[in-house]
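Visitor: Just input.cif, nothing more (mmCIF, C-alpha atoms):
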data_structure
loop_
_atom_site.group_PDB
_atom_site.id
_atom_site.type_symbol
_atom_site.label_atom_id
_atom_site.label_comp_id
_atom_site.auth_asym_id
_atom_site.auth_seq_id
_atom_site.Cartn_x
_atom_site.Cartn_y
_atom_site.Cartn_z
ATOM 1 C CA MET A 292 68.862 124.352 108.065
ATOM 2 C CA ILE A 293 70.749 121.117 107.661
ATOM 3 C CA GLU A 294 70.754 119.199 104.399
ATOM 4 C CA PRO A 295 67.113 119.205 103.191
ATOM 5 C CA ILE A 296 65.262 116.234 101.802
ATOM 6 C CA VAL A 297 63.592 116.783 98.432
ATOM 7 C CA LEU A 298 61.162 114.048 97.481
ATOM 8 C CA ALA A 299 58.692 113.564 94.629
ATOM 9 C CA VAL A 300 55.576 111.638 95.623
ATOM 10 C CA PHE A 301 53.560 109.945 92.869
ATOM 11 C CA PRO A 302 50.176 108.816 94.243
ATOM 12 C CA SER A 303 48.366 105.975 92.476
ATOM 13 C CA ALA A 304 45.215 108.130 92.651
ATOM 14 C CA PRO A 305 45.936 111.525 91.038
ATOM 15 C CA GLN A 306 42.835 112.996 92.692
ATOM 16 C CA ALA A 307 44.787 112.826 95.978
ATOM 17 C CA LEU A 308 47.274 115.491 94.833
ATOM 18 C CA PRO A 309 45.324 118.547 96.100
ATOM 19 C CA ALA A 310 44.758 116.882 99.486
ATOM 20 C CA LEU A 311 48.456 116.046 99.758
ATOM 21 C CA GLU A 312 49.386 119.636 98.968
ATOM 22 C CA ARG A 313 47.040 120.948 101.657
ATOM 23 C CA ALA A 314 48.084 118.380 104.264
ATOM 24 C CA LEU A 315 51.793 119.017 103.829
ATOM 25 C CA GLY A 316 51.897 122.688 102.940
ATOM 26 C CA GLY A 317 48.910 124.093 104.728
ATOM 27 C CA PRO A 318 48.237 125.019 108.337
ATOM 28 C CA GLY A 319 48.797 122.066 110.621
ATOM 29 C CA GLY A 320 51.281 120.417 108.270
ATOM 30 C CA PRO A 321 54.540 118.946 109.548
ATOM 31 C CA ASP A 322 57.059 121.426 110.931
ATOM 32 C CA GLY A 323 60.068 122.052 108.752
ATOM 33 C CA ILE A 324 58.290 121.848 105.392
ATOM 34 C CA VAL A 325 60.118 124.305 103.140
ATOM 35 C CA SER A 326 57.977 123.876 100.034
ATOM 36 C CA VAL A 327 55.269 121.735 98.492
ATOM 37 C CA ARG A 328 54.474 122.079 94.814
ATOM 38 C CA ARG A 329 52.691 120.092 92.187
ATOM 39 C CA SER A 330 54.632 118.778 89.223
ATOM 40 C CA ASP A 331 52.427 116.986 86.706
ATOM 41 C CA ASP A 332 51.376 113.707 88.380
ATOM 42 C CA SER A 333 53.356 114.236 91.577
ATOM 43 C CA ILE A 334 53.997 116.626 94.397
ATOM 44 C CA VAL A 335 57.506 117.718 95.278
ATOM 45 C CA VAL A 336 58.118 118.120 98.996
ATOM 46 C CA GLU A 337 61.197 119.744 100.493
ATOM 47 C CA TRP A 338 61.726 119.675 104.237
ATOM 48 C CA ASP A 339 64.261 120.016 106.990
ATOM 49 C CA PRO A 340 64.617 116.554 108.576
ATOM 50 C CA SER A 341 66.011 118.061 111.766
ATOM 51 C CA ARG A 342 62.570 119.614 112.356
ATOM 52 C CA SER A 343 60.350 116.785 111.034
ATOM 53 C CA ALA A 344 61.547 113.197 110.893
ATOM 54 C CA VAL A 345 61.222 111.219 107.691
ATOM 55 C CA ARG A 346 58.796 108.933 109.502
ATOM 56 C CA LEU A 347 56.472 111.857 110.348
ATOM 57 C CA VAL A 348 56.362 113.307 106.835
ATOM 58 C CA MET A 349 55.791 109.892 105.267
ATOM 59 C CA ALA A 350 53.059 109.115 107.821
ATOM 60 C CA ALA A 351 51.280 112.359 106.884
ATOM 61 C CA ILE A 352 51.486 111.426 103.201
ATOM 62 C CA ASP A 353 50.232 107.896 103.820
ATOM 63 C CA ALA A 354 47.364 109.130 106.023
ATOM 64 C CA GLU A 355 46.093 111.314 103.184
ATOM 65 C CA LEU A 356 46.519 108.535 100.638
ATOM 66 C CA ARG A 357 44.449 106.135 102.762
ATOM 67 C CA ARG A 358 41.479 108.455 102.259
ATOM 68 C CA TYR A 359 41.744 107.648 98.537
ATOM 69 C CA ASN A 360 42.680 103.986 98.978
ATOM 70 C CA ALA A 361 45.871 104.916 97.126
ATOM 71 C CA SER A 362 49.490 103.869 97.251
ATOM 72 C CA ARG A 363 52.552 105.905 96.371
ATOM 73 C CA ARG A 364 55.853 105.790 94.610
ATOM 74 C CA THR A 365 58.548 108.147 95.824
ATOM 75 C CA GLU A 366 61.693 109.458 94.222
ATOM 76 C CA LEU A 367 64.516 111.227 96.014
ATOM 77 C CA LEU A 368 65.319 114.314 93.926
ATOM 78 C CA ALA A 369 68.386 115.638 95.717
ATOM 79 C CA PRO A 370 71.156 113.240 96.690
ATOM 80 C CA LEU A 371 71.999 113.019 100.366
ATOM 81 C CA SER A 372 75.480 112.749 101.774
ATOM 82 C CA GLU A 373 76.591 109.454 103.304
ATOM 83 C CA GLU A 374 76.619 111.140 106.689
ATOM 84 C CA ARG A 375 73.001 112.285 106.300
ATOM 85 C CA LEU A 376 71.883 108.883 104.976
ATOM 86 C CA ALA A 377 73.458 107.141 107.934
ATOM 87 C CA GLU A 378 71.952 109.639 110.384
ATOM 88 C CA ILE A 379 68.444 109.157 108.948
ATOM 89 C CA ALA A 380 68.783 105.367 108.879
ATOM 90 C CA ALA A 381 70.053 105.286 112.454
ATOM 91 C CA ALA A 382 67.166 107.443 113.672
ATOM 92 C CA GLU A 383 64.407 105.751 111.672
ATOM 93 C CA LEU A 384 65.589 102.224 112.449
ATOM 94 C CA GLU A 385 66.496 103.107 116.040
ATOM 95 C CA ALA A 386 69.928 101.651 115.382
ATOM 96 C CA PRO A 387 72.578 104.094 116.612
ATOM 97 C CA GLN A 388 75.355 101.790 115.412
ATOM 98 C CA ILE A 389 74.603 102.747 111.797
ATOM 99 C CA ALA A 390 77.346 105.091 110.597
ATOM 100 C CA PRO A 391 78.689 106.216 107.211
ATOM 101 C CA ASP A 392 81.571 103.766 107.457
ATOM 102 C CA ARG A 393 79.082 100.885 107.749
ATOM 103 C CA ILE A 394 76.988 101.513 104.606
ATOM 104 C CA LEU A 395 77.318 98.273 102.640
ATOM 105 C CA GLU A 396 77.058 99.817 99.173
ATOM 106 C CA ARG A 397 79.871 102.238 99.954
ATOM 107 C CA LEU A 398 82.057 99.481 101.386
ATOM 108 C CA LEU A 399 81.521 97.394 98.253
ATOM 109 C CA GLU A 400 82.312 100.365 96.008
ATOM 110 C CA ARG A 401 85.531 101.051 97.892
ATOM 111 C CA ALA A 402 86.506 97.397 97.598
ATOM 112 C CA GLY A 403 85.844 97.502 93.832
ATOM 113 C CA ARG A 404 83.028 94.962 94.071
ATOM 114 C CA CYS A 405 80.317 97.025 92.379
#
Translate the structure described by the file into C-alpha cells.

Guide:
Amino acid sequence: MIEPIVLAVFPSAPQALPALERALGGPGGPDGIVSVRRSDDSIVVEWDPSRSAVRLVMAAIDAELRRYNASRRTELLAPLSEERLAEIAAAELEAPQIAPDRILERLLERAGRC
C-alpha cells in the first residue's frame, strides 16, 4: 500500500454517523478502505488512494450526508508527503503539470517568505 490517507469527517448531523460507517466500511463501500471507526462526533476513515481516488471517497461521504441534508468538516489526521500531495492534486484537478517543486507554500517557505 502506498501512503494512506487518514481523514476525520465531522458531519453537521450526528445522526448520519452510523450511515457513514456502513457506507464506507460495509459491503459495497469504496475499494481500498483500510478502516472506518467512530470517534466521538466524527468518523475516521483510512484508505489507500491508489485503490480509491479522493474524489470517489468524498463523493460516497457526500452522498450519504445528502440523505440527512447535512454538510461536513474534514480534518487530515496524517500528514502527506509533498510528493503525495502533488500526485493527488494533479489527479483530482486533472492537471499533470502539478509537481512537488511547484507547490506554492513550499516555494514560499524555501524563499523565507512564510

Visitor: Could you tell me which residues the PyMOL selection byres ((chain A and resi 353) around 12) returns for this structure, as a PDB file with C-alpha atoms, keeping the file's coordinate frame?

Guide:
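Contents of result_38.pdb, as written:
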ATOM      1  CA  VAL A 300      55.576 111.638  95.623  1.00  0.00           C
ATOM      2  CA  PHE A 301      53.560 109.945  92.869  1.00  0.00           C
ATOM      3  CA  PRO A 302      50.176 108.816  94.243  1.00  0.00           C
ATOM      4  CA  SER A 303      48.366 105.975  92.476  1.00  0.00           C
ATOM      5  CA  ALA A 307      44.787 112.826  95.978  1.00  0.00           C
ATOM      6  CA  ALA A 310      44.758 116.882  99.486  1.00  0.00           C
ATOM      7  CA  LEU A 311      48.456 116.046  99.758  1.00  0.00           C
ATOM      8  CA  ALA A 314      48.084 118.380 104.264  1.00  0.00           C
ATOM      9  CA  LEU A 315      51.793 119.017 103.829  1.00  0.00           C
ATOM     10  CA  ARG A 346      58.796 108.933 109.502  1.00  0.00           C
ATOM     11  CA  LEU A 347      56.472 111.857 110.348  1.00  0.00           C
ATOM     12  CA  VAL A 348      56.362 113.307 106.835  1.00  0.00           C
ATOM     13  CA  MET A 349      55.791 109.892 105.267  1.00  0.00           C
ATOM     14  CA  ALA A 350      53.059 109.115 107.821  1.00  0.00           C
ATOM     15  CA  ALA A 351      51.280 112.359 106.884  1.00  0.00           C
ATOM     16  CA  ILE A 352      51.486 111.426 103.201  1.00  0.00           C
ATOM     17  CA  ALA A 354      47.364 109.130 106.023  1.00  0.00           C
ATOM     18  CA  GLU A 355      46.093 111.314 103.184  1.00  0.00           C
ATOM     19  CA  LEU A 356      46.519 108.535 100.638  1.00  0.00           C
ATOM     20  CA  ARG A 357      44.449 106.135 102.762  1.00  0.00           C
ATOM     21  CA  ARG A 358      41.479 108.455 102.259  1.00  0.00           C
ATOM     22  CA  TYR A 359      41.744 107.648  98.537  1.00  0.00           C
ATOM     23  CA  ASN A 360      42.680 103.986  98.978  1.00  0.00           C
ATOM     24  CA  ALA A 361      45.871 104.916  97.126  1.00  0.00           C
ATOM     25  CA  SER A 362      49.490 103.869  97.251  1.00  0.00           C
ATOM     26  CA  ARG A 363      52.552 105.905  96.371  1.00  0.00           C
ATOM     27  CA  ARG A 364      55.853 105.790  94.610  1.00  0.00           C
ATOM     28  CA  THR A 365      58.548 108.147  95.824  1.00  0.00           C
TER      29      THR A 365
END

Visitor: Counting only C-alpha atoms, which of A:Arg375, A:Arg401, A:Arg329, A:Arg393 gets nearest to Pro295 in chain A?

Guide: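 For Pro295 in chain A, the nearest of the candidates is A:Arg375.
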
Visitor: Please, which residues are within 6 Å of (65.6, 112.5, 113.0) by the file's coordinates, counting all atoms listed in the file, and could they come as a PyMOL selection string?

Guide: chain A and resi 341+344+379+382

Visitor: CA of Ala304 in chain A and CA of Gly320 in chain A, how far apart in Å?

Guide: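 Computed distance, CA of Gly320 in chain A to CA of Ala304 in chain A, equals 20.8 Å.
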
Visitor: Would you mind telling me which residue in A:Ser326, A:Ser372, A:Ser333, A:Gln306 lies nearest to Pro391 in chain A when using only C-alpha atoms?

Guide: A:Ser372

Visitor: Counting only C-alpha atoms, figure out which residue out of A:Ile334, A:Val297, A:Ala402, A:Ile324 gets nearest to Pro309 in chain A.

Guide: A:Ile334

Visitor: Would you compute the box with edges along x, y and z of the file around range 357-361 of chain A, including every atom the file lists for it and 6 Å extra on each side, and give its centre and edge lengths in Å to one decimal, as AutoDock Vina command-line options?

Guide:
--center_x 43.7 --center_y 106.2 --center_z 99.9 --size_x 16.4 --size_y 16.5 --size_z 17.6

Visitor: For range 308-337 of chain A, supply N, CA and C atoms and format the output as an mmCIF file, keeping the file's coordinate frame.

Guide:
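Saved as result-v4.cif:
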data_model
loop_
_atom_site.group_PDB
_atom_site.id
_atom_site.type_symbol
_atom_site.label_atom_id
_atom_site.label_comp_id
_atom_site.auth_asym_id
_atom_site.auth_seq_id
_atom_site.Cartn_x
_atom_site.Cartn_y
_atom_site.Cartn_z
ATOM 1 N N LEU A 308 46.245 114.445 94.870
ATOM 2 C CA LEU A 308 47.274 115.491 94.833
ATOM 3 C C LEU A 308 46.874 116.769 95.580
ATOM 4 N N PRO A 309 45.680 117.330 95.357
ATOM 5 C CA PRO A 309 45.324 118.547 96.100
ATOM 6 C C PRO A 309 45.299 118.324 97.615
ATOM 7 N N ALA A 310 44.802 117.179 98.050
ATOM 8 C CA ALA A 310 44.758 116.882 99.486
ATOM 9 C C ALA A 310 46.166 116.756 100.054
ATOM 10 N N LEU A 311 47.067 116.150 99.307
ATOM 11 C CA LEU A 311 48.456 116.046 99.758
ATOM 12 C C LEU A 311 49.095 117.427 99.885
ATOM 13 N N GLU A 312 48.846 118.271 98.907
ATOM 14 C CA GLU A 312 49.386 119.636 98.968
ATOM 15 C C GLU A 312 48.897 120.368 100.207
ATOM 16 N N ARG A 313 47.605 120.267 100.479
ATOM 17 C CA ARG A 313 47.040 120.948 101.657
ATOM 18 C C ARG A 313 47.581 120.361 102.950
ATOM 19 N N ALA A 314 47.650 119.039 103.027
ATOM 20 C CA ALA A 314 48.084 118.380 104.264
ATOM 21 C C ALA A 314 49.530 118.692 104.603
ATOM 22 N N LEU A 315 50.366 118.791 103.588
ATOM 23 C CA LEU A 315 51.793 119.017 103.829
ATOM 24 C C LEU A 315 52.155 120.495 103.873
ATOM 25 N N GLY A 316 51.509 121.289 103.051
ATOM 26 C CA GLY A 316 51.897 122.688 102.940
ATOM 27 C C GLY A 316 50.994 123.664 103.649
ATOM 28 N N GLY A 317 49.853 123.189 104.095
ATOM 29 C CA GLY A 317 48.910 124.093 104.728
ATOM 30 C C GLY A 317 49.077 124.171 106.228
ATOM 31 N N PRO A 318 48.194 124.919 106.870
ATOM 32 C CA PRO A 318 48.237 125.019 108.337
ATOM 33 C C PRO A 318 48.078 123.634 108.967
ATOM 34 N N GLY A 319 48.864 123.373 109.965
ATOM 35 C CA GLY A 319 48.797 122.066 110.621
ATOM 36 C C GLY A 319 49.676 121.017 109.984
ATOM 37 N N GLY A 320 50.371 121.367 108.911
ATOM 38 C CA GLY A 320 51.281 120.417 108.270
ATOM 39 C C GLY A 320 52.519 120.198 109.121
ATOM 40 N N PRO A 321 53.319 119.214 108.777
ATOM 41 C CA PRO A 321 54.540 118.946 109.548
ATOM 42 C C PRO A 321 55.460 120.162 109.610
ATOM 43 N N ASP A 322 56.093 120.345 110.748
ATOM 44 C CA ASP A 322 57.059 121.426 110.931
ATOM 45 C C ASP A 322 58.258 121.169 110.023
ATOM 46 N N GLY A 323 58.853 122.207 109.545
ATOM 47 C CA GLY A 323 60.068 122.052 108.752
ATOM 48 C C GLY A 323 59.831 121.924 107.262
ATOM 49 N N ILE A 324 58.560 121.912 106.832
ATOM 50 C CA ILE A 324 58.290 121.848 105.392
ATOM 51 C C ILE A 324 58.727 123.183 104.784
ATOM 52 N N VAL A 325 59.611 123.113 103.805
ATOM 53 C CA VAL A 325 60.118 124.305 103.140
ATOM 54 C C VAL A 325 59.234 124.654 101.954
ATOM 55 N N SER A 326 58.852 123.631 101.180
ATOM 56 C CA SER A 326 57.977 123.876 100.034
ATOM 57 C C SER A 326 57.245 122.601 99.646
ATOM 58 N N VAL A 327 56.070 122.810 99.076
ATOM 59 C CA VAL A 327 55.269 121.735 98.492
ATOM 60 C C VAL A 327 54.722 122.294 97.187
ATOM 61 N N ARG A 328 54.993 121.607 96.095
ATOM 62 C CA ARG A 328 54.474 122.079 94.814
ATOM 63 C C ARG A 328 54.093 120.898 93.934
ATOM 64 N N ARG A 329 53.120 121.131 93.104
ATOM 65 C CA ARG A 329 52.691 120.092 92.187
ATOM 66 C C ARG A 329 53.566 120.116 90.951
ATOM 67 N N SER A 330 53.860 118.932 90.447
ATOM 68 C CA SER A 330 54.632 118.778 89.223
ATOM 69 C C SER A 330 54.012 117.632 88.442
ATOM 70 N N ASP A 331 53.161 117.970 87.506
ATOM 71 C CA ASP A 331 52.427 116.986 86.706
ATOM 72 C C ASP A 331 51.668 116.012 87.601
ATOM 73 N N ASP A 332 52.094 114.745 87.632
ATOM 74 C CA ASP A 332 51.376 113.707 88.380
ATOM 75 C C ASP A 332 51.993 113.430 89.749
ATOM 76 N N SER A 333 52.714 114.412 90.276
ATOM 77 C CA SER A 333 53.356 114.236 91.577
ATOM 78 C C SER A 333 53.312 115.540 92.363
ATOM 79 N N ILE A 334 53.694 115.429 93.629
ATOM 80 C CA ILE A 334 53.997 116.626 94.397
ATOM 81 C C ILE A 334 55.463 116.522 94.795
ATOM 82 N N VAL A 335 56.111 117.659 94.862
ATOM 83 C CA VAL A 335 57.506 117.718 95.278
ATOM 84 C C VAL A 335 57.512 118.375 96.654
ATOM 85 N N VAL A 336 58.074 117.661 97.613
ATOM 86 C CA VAL A 336 58.118 118.120 98.996
ATOM 87 C C VAL A 336 59.571 118.316 99.388
ATOM 88 N N GLU A 337 59.861 119.478 99.958
ATOM 89 C CA GLU A 337 61.197 119.744 100.493
ATOM 90 C C GLU A 337 61.036 120.069 101.965
#
